[in-house]
$ cat final33.txt   # compact mmCIF, C-alpha atoms
# COMPACT_ATOMS: atom_id res chain seq x y z
CA MET A 1 -17.27 6.87 0.82
CA PRO A 2 -16.29 8.39 -2.60
CA VAL A 3 -18.18 7.14 -5.65
CA SER A 4 -14.93 5.88 -7.20
CA ASP A 5 -14.32 3.65 -4.16
CA LEU A 6 -17.86 2.26 -4.35
CA LEU A 7 -17.47 1.48 -8.04
CA GLU A 8 -14.13 -0.20 -7.42
CA ARG A 9 -15.61 -2.38 -4.69
CA LEU A 10 -18.54 -3.28 -6.94
CA PHE A 11 -16.13 -4.25 -9.71
CA HIS A 12 -14.08 -6.46 -7.38
CA ARG A 13 -17.17 -8.08 -5.88
CA THR A 14 -18.72 -8.82 -9.28
CA ALA A 15 -15.49 -10.27 -10.69
CA ASP A 16 -14.98 -12.41 -7.59
CA ARG A 17 -18.47 -13.87 -7.82
CA VAL A 18 -18.13 -14.67 -11.52
CA PHE A 19 -14.72 -16.34 -11.21
CA ALA A 20 -15.74 -18.25 -8.09
CA TRP A 21 -18.30 -20.18 -10.18
CA PHE A 22 -15.80 -21.51 -12.74
CA PRO A 23 -14.14 -24.78 -11.68
CA ARG A 24 -10.35 -24.79 -12.03
CA HIS A 25 -7.82 -27.59 -12.16
CA CYS A 26 -6.23 -28.11 -8.74
CA PRO A 27 -2.54 -27.20 -8.92
CA ASP A 28 0.11 -29.80 -8.21
CA ARG A 29 1.30 -29.93 -4.60
CA SER A 30 4.83 -28.97 -5.62
CA ILE A 31 3.46 -25.75 -7.11
CA LEU A 32 1.31 -25.08 -4.05
CA GLY A 33 4.48 -25.04 -1.97
CA GLN A 34 5.74 -22.10 -3.98
CA VAL A 35 2.64 -19.89 -3.66
CA LYS A 36 3.50 -16.43 -2.36
CA LEU A 37 0.45 -14.82 -0.77
CA VAL A 38 0.49 -11.13 0.11
CA ALA A 39 -1.96 -9.88 2.74
CA HIS A 40 -3.35 -6.60 1.44
CA ARG A 41 -3.17 -4.22 4.44
CA GLY A 42 -3.05 -7.23 6.75
CA GLU A 43 -5.93 -9.37 8.00
CA ARG A 44 -8.73 -7.08 9.16
CA ASP A 45 -12.44 -6.43 9.22
CA ASP A 46 -12.04 -2.66 9.81
CA ARG A 47 -14.33 -2.88 12.82
CA ARG A 48 -12.59 -4.90 15.51
CA VAL A 49 -9.25 -5.02 13.65
CA LEU A 50 -8.28 -2.09 11.45
CA GLU A 51 -6.24 -2.31 8.27
CA ASN A 52 -2.57 -1.31 8.32
CA THR A 53 -2.20 -1.95 12.05
CA ILE A 54 0.14 -4.12 14.11
CA GLU A 55 -2.79 -6.34 15.05
CA ALA A 56 -3.70 -6.85 11.39
CA PHE A 57 -0.10 -7.65 10.45
CA ASP A 58 0.51 -9.94 13.43
CA ALA A 59 -2.43 -12.09 12.39
CA VAL A 60 -0.83 -13.00 9.05
CA LEU A 61 2.69 -13.25 10.45
CA HIS A 62 1.63 -15.88 12.97
CA ARG A 63 -0.04 -17.94 10.23
CA GLY A 64 3.02 -17.95 7.99
CA VAL A 65 1.69 -15.75 5.17
CA TRP A 66 4.58 -14.91 2.83
CA GLY A 67 4.15 -11.15 2.50
CA VAL A 68 2.22 -8.10 3.62
CA GLU A 69 1.24 -4.96 1.73
CA PHE A 70 0.92 -1.60 3.46
CA ASP A 71 0.87 2.12 2.66
CA ILE A 72 3.27 4.93 3.55
CA ARG A 73 2.24 8.51 4.34
CA TRP A 74 4.09 11.42 5.94
CA THR A 75 3.28 13.48 9.02
CA ARG A 76 3.74 17.25 9.18
CA ASP A 77 7.18 16.81 10.78
CA LEU A 78 8.10 14.27 8.07
CA HIS A 79 7.86 10.96 9.87
CA PRO A 80 6.61 8.11 7.67
CA VAL A 81 3.59 6.29 9.09
CA VAL A 82 1.60 3.33 7.81
CA PHE A 83 -1.84 4.47 6.68
CA HIS A 84 -3.77 4.29 3.42
CA ASP A 85 -5.95 7.41 3.21
CA PRO A 86 -4.83 11.05 3.31
CA ASP A 87 -7.30 11.67 6.15
CA LEU A 88 -8.92 9.66 8.94
CA ARG A 89 -12.58 9.86 7.87
CA ARG A 90 -13.08 6.30 6.63
CA LEU A 91 -11.57 4.49 9.60
CA PHE A 92 -11.94 6.96 12.47
CA GLY A 93 -14.66 9.38 11.38
CA SER A 94 -12.25 12.29 11.73
CA ALA A 95 -11.44 15.04 9.23
CA VAL A 96 -7.81 15.11 10.44
CA LYS A 97 -5.25 14.81 7.65
CA ILE A 98 -2.06 12.88 8.27
CA ARG A 99 0.13 15.61 6.78
CA GLU A 100 -1.37 18.25 9.09
CA ARG A 101 -0.37 16.51 12.34
CA THR A 102 3.03 15.90 13.89
CA LEU A 103 3.85 12.34 14.76
CA HIS A 104 3.41 13.09 18.46
CA GLN A 105 -0.03 14.62 17.87
CA LEU A 106 -1.13 11.79 15.61
CA ARG A 107 -0.05 9.03 17.98
CA ALA A 108 -1.59 10.79 20.96
CA ASP A 109 -5.04 10.78 19.35
CA PHE A 110 -4.76 7.68 17.14
CA PRO A 111 -2.28 5.29 18.79
CA SER A 112 -3.17 2.35 16.54
CA ILE A 113 -1.48 4.00 13.54
CA PRO A 114 2.03 2.48 13.38
CA THR A 115 5.17 4.19 12.20
CA LEU A 116 7.09 2.74 9.28
CA GLU A 117 9.99 2.16 11.64
CA GLU A 118 7.83 -0.04 13.88
CA VAL A 119 6.59 -2.08 10.93
CA ILE A 120 10.05 -2.67 9.47
CA ARG A 121 11.55 -3.62 12.84
CA ARG A 122 8.72 -6.00 13.67
CA TYR A 123 8.25 -7.71 10.29
CA GLY A 124 11.41 -7.15 8.26
CA ARG A 125 12.84 -10.48 7.05
CA LYS A 126 9.91 -12.28 8.70
CA MET A 127 7.53 -11.40 5.88
CA HIS A 128 8.17 -9.87 2.50
CA LEU A 129 7.29 -6.16 2.71
CA MET A 130 5.28 -4.61 -0.13
CA ALA A 131 5.29 -0.89 0.71
CA GLU A 132 3.10 1.40 -1.39
CA ILE A 133 4.26 4.97 -1.90
CA LYS A 134 1.17 7.17 -1.90
CA GLU A 135 0.76 10.16 -4.18
CA GLU A 136 1.27 13.27 -2.04
CA ASP A 137 3.63 16.24 -1.79
CA TRP A 138 7.17 15.67 -0.58
CA PRO A 139 8.24 19.07 0.79
CA GLU A 140 11.82 17.89 1.39
CA PRO A 141 12.45 15.06 -1.09
CA ALA A 142 16.16 14.64 -0.38
CA TYR A 143 15.56 14.39 3.36
CA GLN A 144 12.55 12.08 2.97
CA ASN A 145 14.50 9.82 0.64
CA GLN A 146 17.27 9.63 3.25
CA VAL A 147 14.74 8.79 5.98
CA LEU A 148 13.34 5.91 3.95
CA GLY A 149 16.83 4.74 3.03
CA ASP A 150 17.86 4.63 6.68
CA LEU A 151 14.72 2.74 7.70
CA PHE A 152 15.07 0.12 4.96
CA SER A 153 18.87 -0.10 5.27
CA ALA A 154 18.85 -3.45 7.11
CA LEU A 155 16.81 -5.06 4.33
CA ALA A 156 17.84 -6.10 0.83
CA PRO A 157 15.86 -4.45 -2.00
CA ALA A 158 13.85 -6.93 -4.12
CA GLU A 159 14.84 -9.75 -1.77
CA ASP A 160 13.20 -8.45 1.42
CA PHE A 161 10.97 -5.67 0.12
CA HIS A 162 9.46 -3.97 -2.91
CA LEU A 163 8.12 -0.45 -3.34
CA LEU A 164 4.72 -0.14 -5.07
CA SER A 165 2.92 2.81 -6.60
CA LEU A 166 -0.11 3.59 -8.74
CA GLU A 167 1.88 6.56 -10.05
CA PRO A 168 5.32 5.37 -11.27
CA SER A 169 6.66 8.93 -11.51
CA LEU A 170 6.92 8.71 -7.70
CA PHE A 171 9.74 6.20 -8.17
CA GLU A 172 11.88 9.10 -9.39
CA ARG A 173 12.00 10.32 -5.79
CA ILE A 174 13.56 7.08 -4.61
CA HIS A 175 17.35 6.83 -4.71
CA PHE A 176 18.09 4.33 -1.94
CA ALA A 177 16.70 1.32 -3.85
CA PRO A 178 17.22 0.12 -7.46
CA PRO A 179 14.51 -0.08 -10.15
CA SER A 180 14.44 -3.86 -9.70
CA SER A 181 12.63 -3.25 -6.39
CA PHE A 182 9.91 -1.03 -7.93
CA LEU A 183 6.52 -2.52 -8.74
CA PRO A 184 4.05 -0.31 -10.64
CA VAL A 185 0.37 -1.04 -10.01
CA ALA A 186 -1.91 -0.86 -13.03
CA GLU A 187 -5.57 0.09 -12.95
CA LEU A 188 -7.21 0.41 -16.38
CA ASN A 189 -3.92 1.69 -17.85
CA VAL A 190 -2.41 -1.80 -18.15
CA ALA A 191 -0.73 -1.34 -21.54
CA GLU A 192 0.93 1.90 -20.45
CA MET A 193 2.15 0.49 -17.14
CA SER A 194 3.34 -2.73 -18.75
CA ALA A 195 5.45 -0.84 -21.29
CA LEU A 196 6.87 1.37 -18.55
CA ALA A 197 7.83 -1.61 -16.38
CA LEU A 198 9.59 -3.29 -19.29
CA GLN A 199 11.35 -0.13 -20.42
CA ASN A 200 12.65 0.78 -16.95
CA ARG A 201 13.45 -2.80 -15.92
CA TYR A 202 11.24 -2.68 -12.89
CA ALA A 203 10.49 -5.77 -10.79
CA GLY A 204 7.40 -6.46 -12.88
CA LEU A 205 3.77 -5.45 -12.93
CA ALA A 206 0.83 -5.62 -10.50
CA GLY A 207 -2.86 -5.29 -11.25
CA HIS A 208 -6.29 -6.90 -11.06
CA TYR A 209 -6.33 -10.54 -12.16
CA LEU A 210 -9.03 -9.84 -14.73
CA LEU A 211 -6.94 -7.17 -16.48
CA LEU A 212 -3.51 -8.82 -16.48
CA THR A 213 -4.10 -11.22 -19.35
CA ARG A 214 -1.97 -14.20 -20.32
CA PRO A 215 -0.16 -12.36 -23.19
CA ILE A 216 0.86 -9.62 -20.73
CA LEU A 217 1.98 -12.20 -18.20
CA GLU A 218 4.06 -14.04 -20.80
CA LYS A 219 5.66 -10.82 -22.01
CA HIS A 220 6.91 -9.94 -18.53
CA LYS A 221 7.96 -13.51 -17.77
CA ALA A 222 10.07 -13.49 -20.93
CA ALA A 223 11.78 -10.35 -19.65
CA GLY A 224 12.54 -12.02 -16.31
CA GLN A 225 9.95 -9.94 -14.45
CA LYS A 226 7.29 -10.86 -11.91
CA ILE A 227 3.51 -10.59 -12.10
CA ALA A 228 1.36 -9.75 -9.07
CA THR A 229 -2.42 -9.98 -9.18
CA GLY A 230 -5.17 -9.10 -6.71
CA HIS A 231 -7.47 -9.36 -5.04
CA ILE A 232 -8.05 -13.10 -4.91
CA ALA A 233 -11.11 -14.08 -2.86
CA SER A 234 -12.07 -17.65 -3.84
CA LYS A 235 -10.50 -21.08 -4.27
CA ASN A 236 -11.27 -21.24 -7.99
CA CYS A 237 -9.69 -17.85 -8.59
CA LEU A 238 -6.67 -18.89 -6.53
CA PHE A 239 -6.28 -22.02 -8.67
CA ARG A 240 -6.56 -19.93 -11.83
CA GLU A 241 -3.75 -17.60 -10.77
CA ILE A 242 -1.47 -20.40 -9.60
CA ASN A 243 -2.00 -22.41 -12.78
CA ARG A 244 -1.15 -19.48 -15.02
CA GLY A 245 2.10 -18.80 -13.18
CA VAL A 246 1.35 -15.62 -11.25
CA ASP A 247 4.25 -14.91 -8.87
CA TRP A 248 2.60 -12.88 -6.11
CA ILE A 249 -1.06 -13.22 -5.16
CA PHE A 250 -2.54 -10.28 -3.25
CA THR A 251 -5.67 -10.88 -1.19
CA ASN A 252 -7.90 -9.18 1.35
CA THR A 253 -8.63 -12.56 2.97
CA ALA A 254 -5.14 -13.92 3.45
CA LEU A 255 -5.94 -16.28 6.32
CA ARG A 256 -8.74 -17.98 4.40
CA ILE A 257 -6.64 -18.34 1.25
CA GLN A 258 -3.66 -19.51 3.31
CA ALA A 259 -5.87 -22.17 4.90
CA ILE A 260 -6.94 -23.41 1.46
CA CYS A 261 -3.29 -23.75 0.40
CA GLU A 262 -2.35 -25.55 3.63
CA GLU A 263 -5.23 -28.00 3.29
CA LEU A 264 -4.28 -28.83 -0.30
CA ARG A 265 -0.62 -29.31 0.62
CA ARG A 266 -1.68 -31.85 3.23
CA GLY A 267 -3.79 -33.59 0.60
CA SER A 268 -6.92 -33.45 2.74

$ encode --input "final33.txt" --output "structure tokens"
Amino acid sequence: MPVSDLLERLFHRTADRVFAWFPRHCPDRSILGQVKLVAHRGERDDRRVLENTIEAFDAVLHRGVWGVEFDIRWTRDLHPVVFHDPDLRRLFGSAVKIRERTLHQLRADFPSIPTLEEVIRRYGRKMHLMAEIKEEDWPEPAYQNQVLGDLFSALAPAEDFHLLSLEPSLFERIHFAPPSSFLPVAELNVAEMSALALQNRYAGLAGHYLLLTRPILEKHKAAGQKIATGHIASKNCLFREINRGVDWIFTNTALRIQAICEELRRGS
């Protein structure tokens, strides 16, 4: 695993443990009914159930989770598939790169990797789709834009789906959906991404809950934009985000967080 990934996991783990210790006021039940959880790559343990798979997405669909986040990559013959990494090392121990295989070759050897078409047909309008555009070459941008437009054509931008990216310049490739469906994801560059989202009238801003401070949240709320934070892992952190008015809460443990919300709604 790359050092950057290890450091990111350490950061998330440390922040989660710190925030889990701080008691938070329990939100009102009426607010709990409006919580919009987003399952980050589905519900998975990456051993028995892999991320970004039908099995991982079905698990959150059947429990009524509001939305699901997944990643889009392109095969050599320009079919969009749902997979996070450029290669298969982390999940399958293979050096194969997605962009070096045709869809037929990829599915023959790794059948659990779904196509974007399968994901949209199975979950469109049943869960809100948060599709991340990964940074990679688009050899035929006009054609690829048309492919995505055709696949998402049955869904309403911003209402049924949003398009996410860590690199907002990738939004310039997208012509089938309006800026109001684009959601930039900030890392440490929060100020830059916040200004960009406001300037271009994007849907809002996403980022780690520790970095998206209240002044930033209020600035985007005043502009009629949404705030998405991740990755929530404890009840106290969940309460914190709900109480400060976060719109979309991304989590790697959607079923556990969903269960907390359901229990509180019942008042038990």

$ atom_distance --input "final33.txt" --atom1 "atom CA of A:Leu163" --atom2 "atom CA of A:Asp16"
26.4 Å

$ atom_distance --input "final33.txt" --atom1 "atom CA of A:Leu91" --atom2 "atom CA of A:Leu50"
7.6 Å

$ atom_distance --input "final33.txt" --atom1 "atom CA of A:Arg101" --atom2 "atom CA of A:Arg76"
5.2 Å

$ residues_around --input "final33.txt" --residues "A:Phe239" --least-positions-apart "6" --cutoff "10 Å" --atoms "all atoms listed in the file" --output "PDB file with C-alpha atoms, in the frame of the given file"
ATOM      1  CA  PRO A  23     -14.140 -24.780 -11.680  1.00  0.00           C
ATOM      2  CA  ARG A  24     -10.350 -24.790 -12.030  1.00  0.00           C
ATOM      3  CA  HIS A  25      -7.820 -27.590 -12.160  1.00  0.00           C
ATOM      4  CA  CYS A  26      -6.230 -28.110  -8.740  1.00  0.00           C
ATOM      5  CA  PRO A  27      -2.540 -27.200  -8.920  1.00  0.00           C
ATOM      6  CA  LEU A  32       1.310 -25.080  -4.050  1.00  0.00           C
ATOM      7  CA  ILE A 232      -8.050 -13.100  -4.910  1.00  0.00           C
ATOM      8  CA  CYS A 261      -3.290 -23.750   0.400  1.00  0.00           C
TER       9      CYS A 261
END

$ residues_around --input "final33.txt" --residues "A:Ala259" --least-positions-apart "2" --cutoff "12 Å" --atoms "only C-alpha atoms" --output "number ranges by chain"
A: 32, 37, 60, 63-65, 234-235, 238, 253-257, 261-266, 268

$ residues_around --input "final33.txt" --residues "A:Ala228" --least-positions-apart "3" --cutoff "10 Å" --atoms "all atoms listed in the file" --output "list of chain:residue names"
A:Lys36, A:Leu37, A:Val38, A:Leu183, A:Pro184, A:Val185, A:Gly204, A:Leu205, A:Ala206, A:Gly207, A:His208, A:Tyr209, A:Leu212, A:Leu217, A:His231, A:Glu241, A:Gly245, A:Val246, A:Asp247, A:Trp248, A:Ile249, A:Phe250

$ residues_around --input "final33.txt" --residues "A:Leu211" --least-positions-apart "6" --cutoff "12 Å" --atoms "all atoms listed in the file" --output "number ranges by chain"
A: 11-12, 15, 185-191, 193-194, 205, 217, 227-231

$ decode --input "final33.txt" --residues "stretch 98-232 of chain A" --atoms "C-alpha atoms" --output "PDB file, in the first residue's frame"
ATOM      1  CA  ILE A  98      -8.135  -1.205 -15.973  1.00  0.00           C
ATOM      2  CA  ARG A  99      -7.253   0.925 -19.002  1.00  0.00           C
ATOM      3  CA  GLU A 100      -5.133  -1.863 -20.511  1.00  0.00           C
ATOM      4  CA  ARG A 101      -7.965  -4.427 -20.693  1.00  0.00           C
ATOM      5  CA  THR A 102     -11.090  -4.525 -22.823  1.00  0.00           C
ATOM      6  CA  LEU A 103     -14.348  -4.907 -20.984  1.00  0.00           C
ATOM      7  CA  HIS A 104     -14.643  -8.514 -22.151  1.00  0.00           C
ATOM      8  CA  GLN A 105     -11.139  -9.343 -20.899  1.00  0.00           C
ATOM      9  CA  LEU A 106     -11.689  -7.588 -17.582  1.00  0.00           C
ATOM     10  CA  ARG A 107     -15.013  -9.272 -16.860  1.00  0.00           C
ATOM     11  CA  ALA A 108     -13.667 -12.673 -17.873  1.00  0.00           C
ATOM     12  CA  ASP A 109     -10.920 -12.514 -15.246  1.00  0.00           C
ATOM     13  CA  PHE A 110     -12.575 -10.265 -12.644  1.00  0.00           C
ATOM     14  CA  PRO A 111     -16.352 -10.764 -12.910  1.00  0.00           C
ATOM     15  CA  SER A 112     -17.127  -8.943  -9.660  1.00  0.00           C
ATOM     16  CA  ILE A 113     -16.202  -5.570 -11.213  1.00  0.00           C
ATOM     17  CA  PRO A 114     -19.519  -4.030 -12.330  1.00  0.00           C
ATOM     18  CA  THR A 115     -20.073  -1.787 -15.306  1.00  0.00           C
ATOM     19  CA  LEU A 116     -21.463   1.695 -14.780  1.00  0.00           C
ATOM     20  CA  GLU A 117     -24.482   0.647 -16.807  1.00  0.00           C
ATOM     21  CA  GLU A 118     -25.239  -2.177 -14.374  1.00  0.00           C
ATOM     22  CA  VAL A 119     -24.948   0.121 -11.366  1.00  0.00           C
ATOM     23  CA  ILE A 120     -27.203   2.816 -12.816  1.00  0.00           C
ATOM     24  CA  ARG A 121     -29.852   0.313 -13.920  1.00  0.00           C
ATOM     25  CA  ARG A 122     -29.871  -1.462 -10.573  1.00  0.00           C
ATOM     26  CA  TYR A 123     -29.727   1.529  -8.207  1.00  0.00           C
ATOM     27  CA  GLY A 124     -30.828   4.600 -10.156  1.00  0.00           C
ATOM     28  CA  ARG A 125     -33.703   6.371  -8.365  1.00  0.00           C
ATOM     29  CA  LYS A 126     -33.506   3.775  -5.580  1.00  0.00           C
ATOM     30  CA  MET A 127     -30.478   5.429  -3.997  1.00  0.00           C
ATOM     31  CA  HIS A 128     -28.838   8.756  -4.692  1.00  0.00           C
ATOM     32  CA  LEU A 129     -25.765   8.101  -6.854  1.00  0.00           C
ATOM     33  CA  MET A 130     -22.521   9.900  -5.989  1.00  0.00           C
ATOM     34  CA  ALA A 131     -20.216   9.016  -8.891  1.00  0.00           C
ATOM     35  CA  GLU A 132     -16.567  10.036  -8.625  1.00  0.00           C
ATOM     36  CA  ILE A 133     -14.724  10.846 -11.840  1.00  0.00           C
ATOM     37  CA  LYS A 134     -11.162   9.588 -11.436  1.00  0.00           C
ATOM     38  CA  GLU A 135      -8.152  11.440 -12.784  1.00  0.00           C
ATOM     39  CA  GLU A 136      -6.984   9.570 -15.887  1.00  0.00           C
ATOM     40  CA  ASP A 137      -6.576  10.154 -19.613  1.00  0.00           C
ATOM     41  CA  TRP A 138      -9.668  10.424 -21.781  1.00  0.00           C
ATOM     42  CA  PRO A 139      -8.440   9.464 -25.275  1.00  0.00           C
ATOM     43  CA  GLU A 140     -11.796  10.322 -26.865  1.00  0.00           C
ATOM     44  CA  PRO A 141     -13.424  12.937 -24.618  1.00  0.00           C
ATOM     45  CA  ALA A 142     -16.379  13.723 -26.886  1.00  0.00           C
ATOM     46  CA  TYR A 143     -17.268  10.050 -27.231  1.00  0.00           C
ATOM     47  CA  GLN A 144     -16.755   9.323 -23.527  1.00  0.00           C
ATOM     48  CA  ASN A 145     -18.907  12.294 -22.572  1.00  0.00           C
ATOM     49  CA  GLN A 146     -21.637  10.959 -24.857  1.00  0.00           C
ATOM     50  CA  VAL A 147     -21.366   7.492 -23.287  1.00  0.00           C
ATOM     51  CA  LEU A 148     -21.814   8.917 -19.801  1.00  0.00           C
ATOM     52  CA  GLY A 149     -24.652  11.143 -20.977  1.00  0.00           C
ATOM     53  CA  ASP A 150     -26.498   8.178 -22.461  1.00  0.00           C
ATOM     54  CA  LEU A 151     -26.032   6.083 -19.315  1.00  0.00           C
ATOM     55  CA  PHE A 152     -27.256   8.826 -16.971  1.00  0.00           C
ATOM     56  CA  SER A 153     -30.007  10.015 -19.338  1.00  0.00           C
ATOM     57  CA  ALA A 154     -32.849   8.406 -17.352  1.00  0.00           C
ATOM     58  CA  LEU A 155     -31.782  10.237 -14.190  1.00  0.00           C
ATOM     59  CA  ALA A 156     -32.133  13.891 -13.237  1.00  0.00           C
ATOM     60  CA  PRO A 157     -28.841  15.691 -12.466  1.00  0.00           C
ATOM     61  CA  ALA A 158     -28.586  16.950  -8.859  1.00  0.00           C
ATOM     62  CA  GLU A 159     -31.885  15.253  -8.032  1.00  0.00           C
ATOM     63  CA  ASP A 160     -30.866  11.638  -8.695  1.00  0.00           C
ATOM     64  CA  PHE A 161     -27.084  11.888  -8.953  1.00  0.00           C
ATOM     65  CA  HIS A 162     -24.011  14.057  -8.463  1.00  0.00           C
ATOM     66  CA  LEU A 163     -20.580  13.830 -10.048  1.00  0.00           C
ATOM     67  CA  LEU A 164     -17.599  14.107  -7.661  1.00  0.00           C
ATOM     68  CA  SER A 165     -13.923  14.735  -8.262  1.00  0.00           C
ATOM     69  CA  LEU A 166     -10.743  15.524  -6.344  1.00  0.00           C
ATOM     70  CA  GLU A 167      -9.618  17.403  -9.463  1.00  0.00           C
ATOM     71  CA  PRO A 168     -12.349  19.886 -10.516  1.00  0.00           C
ATOM     72  CA  SER A 169     -10.709  20.513 -13.900  1.00  0.00           C
ATOM     73  CA  LEU A 170     -12.169  17.111 -14.845  1.00  0.00           C
ATOM     74  CA  PHE A 171     -15.626  18.698 -14.725  1.00  0.00           C
ATOM     75  CA  GLU A 172     -14.674  20.561 -17.905  1.00  0.00           C
ATOM     76  CA  ARG A 173     -14.986  17.250 -19.745  1.00  0.00           C
ATOM     77  CA  ILE A 174     -18.609  16.859 -18.698  1.00  0.00           C
ATOM     78  CA  HIS A 175     -21.250  18.414 -20.936  1.00  0.00           C
ATOM     79  CA  PHE A 176     -24.282  16.226 -20.275  1.00  0.00           C
ATOM     80  CA  ALA A 177     -24.868  17.549 -16.740  1.00  0.00           C
ATOM     81  CA  PRO A 178     -24.966  21.106 -15.316  1.00  0.00           C
ATOM     82  CA  PRO A 179     -22.510  22.562 -12.772  1.00  0.00           C
ATOM     83  CA  SER A 180     -25.201  22.230 -10.103  1.00  0.00           C
ATOM     84  CA  SER A 181     -24.572  18.460 -10.178  1.00  0.00           C
ATOM     85  CA  PHE A 182     -20.786  18.771  -9.662  1.00  0.00           C
ATOM     86  CA  LEU A 183     -19.332  18.258  -6.195  1.00  0.00           C
ATOM     87  CA  PRO A 184     -15.609  18.998  -5.740  1.00  0.00           C
ATOM     88  CA  VAL A 185     -13.875  17.017  -2.996  1.00  0.00           C
ATOM     89  CA  ALA A 186     -11.337  18.926  -0.916  1.00  0.00           C
ATOM     90  CA  GLU A 187      -8.295  17.411   0.740  1.00  0.00           C
ATOM     91  CA  LEU A 188      -5.963  19.935   2.406  1.00  0.00           C
ATOM     92  CA  ASN A 189      -6.820  22.523  -0.282  1.00  0.00           C
ATOM     93  CA  VAL A 190     -10.126  23.477   1.341  1.00  0.00           C
ATOM     94  CA  ALA A 191      -9.906  27.245   0.754  1.00  0.00           C
ATOM     95  CA  GLU A 192      -9.105  26.777  -2.926  1.00  0.00           C
ATOM     96  CA  MET A 193     -11.867  24.236  -3.510  1.00  0.00           C
ATOM     97  CA  SER A 194     -14.386  26.273  -1.548  1.00  0.00           C
ATOM     98  CA  ALA A 195     -13.720  29.370  -3.653  1.00  0.00           C
ATOM     99  CA  LEU A 196     -13.958  27.320  -6.835  1.00  0.00           C
ATOM    100  CA  ALA A 197     -17.289  25.778  -5.832  1.00  0.00           C
ATOM    101  CA  LEU A 198     -18.744  29.196  -5.036  1.00  0.00           C
ATOM    102  CA  GLN A 199     -17.390  30.821  -8.182  1.00  0.00           C
ATOM    103  CA  ASN A 200     -18.661  28.094 -10.529  1.00  0.00           C
ATOM    104  CA  ARG A 201     -21.959  27.561  -8.708  1.00  0.00           C
ATOM    105  CA  TYR A 202     -21.324  23.906  -8.111  1.00  0.00           C
ATOM    106  CA  ALA A 203     -23.581  21.779  -5.899  1.00  0.00           C
ATOM    107  CA  GLY A 204     -21.398  22.540  -2.896  1.00  0.00           C
ATOM    108  CA  LEU A 205     -18.286  21.152  -1.277  1.00  0.00           C
ATOM    109  CA  ALA A 206     -17.183  17.795   0.143  1.00  0.00           C
ATOM    110  CA  GLY A 207     -14.296  17.053   2.476  1.00  0.00           C
ATOM    111  CA  HIS A 208     -13.194  15.604   5.803  1.00  0.00           C
ATOM    112  CA  TYR A 209     -15.353  16.722   8.736  1.00  0.00           C
ATOM    113  CA  LEU A 210     -12.311  18.028  10.595  1.00  0.00           C
ATOM    114  CA  LEU A 211     -11.337  20.371   7.742  1.00  0.00           C
ATOM    115  CA  LEU A 212     -14.739  21.741   6.726  1.00  0.00           C
ATOM    116  CA  THR A 213     -15.146  24.234   9.546  1.00  0.00           C
ATOM    117  CA  ARG A 214     -18.315  26.038  10.571  1.00  0.00           C
ATOM    118  CA  PRO A 215     -17.385  29.320   8.769  1.00  0.00           C
ATOM    119  CA  ILE A 216     -16.906  27.365   5.529  1.00  0.00           C
ATOM    120  CA  LEU A 217     -20.183  25.542   6.058  1.00  0.00           C
ATOM    121  CA  GLU A 218     -22.047  28.795   6.679  1.00  0.00           C
ATOM    122  CA  LYS A 219     -20.521  30.424   3.611  1.00  0.00           C
ATOM    123  CA  HIS A 220     -21.782  27.664   1.325  1.00  0.00           C
ATOM    124  CA  LYS A 221     -25.158  27.484   3.046  1.00  0.00           C
ATOM    125  CA  ALA A 222     -25.599  31.213   2.442  1.00  0.00           C
ATOM    126  CA  ALA A 223     -24.947  30.588  -1.254  1.00  0.00           C
ATOM    127  CA  GLY A 224     -27.593  27.849  -1.342  1.00  0.00           C
ATOM    128  CA  GLN A 225     -25.011  25.077  -1.636  1.00  0.00           C
ATOM    129  CA  LYS A 226     -24.643  21.737   0.126  1.00  0.00           C
ATOM    130  CA  ILE A 227     -21.903  20.450   2.415  1.00  0.00           C
ATOM    131  CA  ALA A 228     -20.811  16.800   2.447  1.00  0.00           C
ATOM    132  CA  THR A 229     -18.436  15.454   5.078  1.00  0.00           C
ATOM    133  CA  GLY A 230     -16.747  12.096   5.606  1.00  0.00           C
ATOM    134  CA  HIS A 231     -15.909   9.672   6.870  1.00  0.00           C
ATOM    135  CA  ILE A 232     -18.139   9.446   9.925  1.00  0.00           C
TER     136      ILE A 232
END
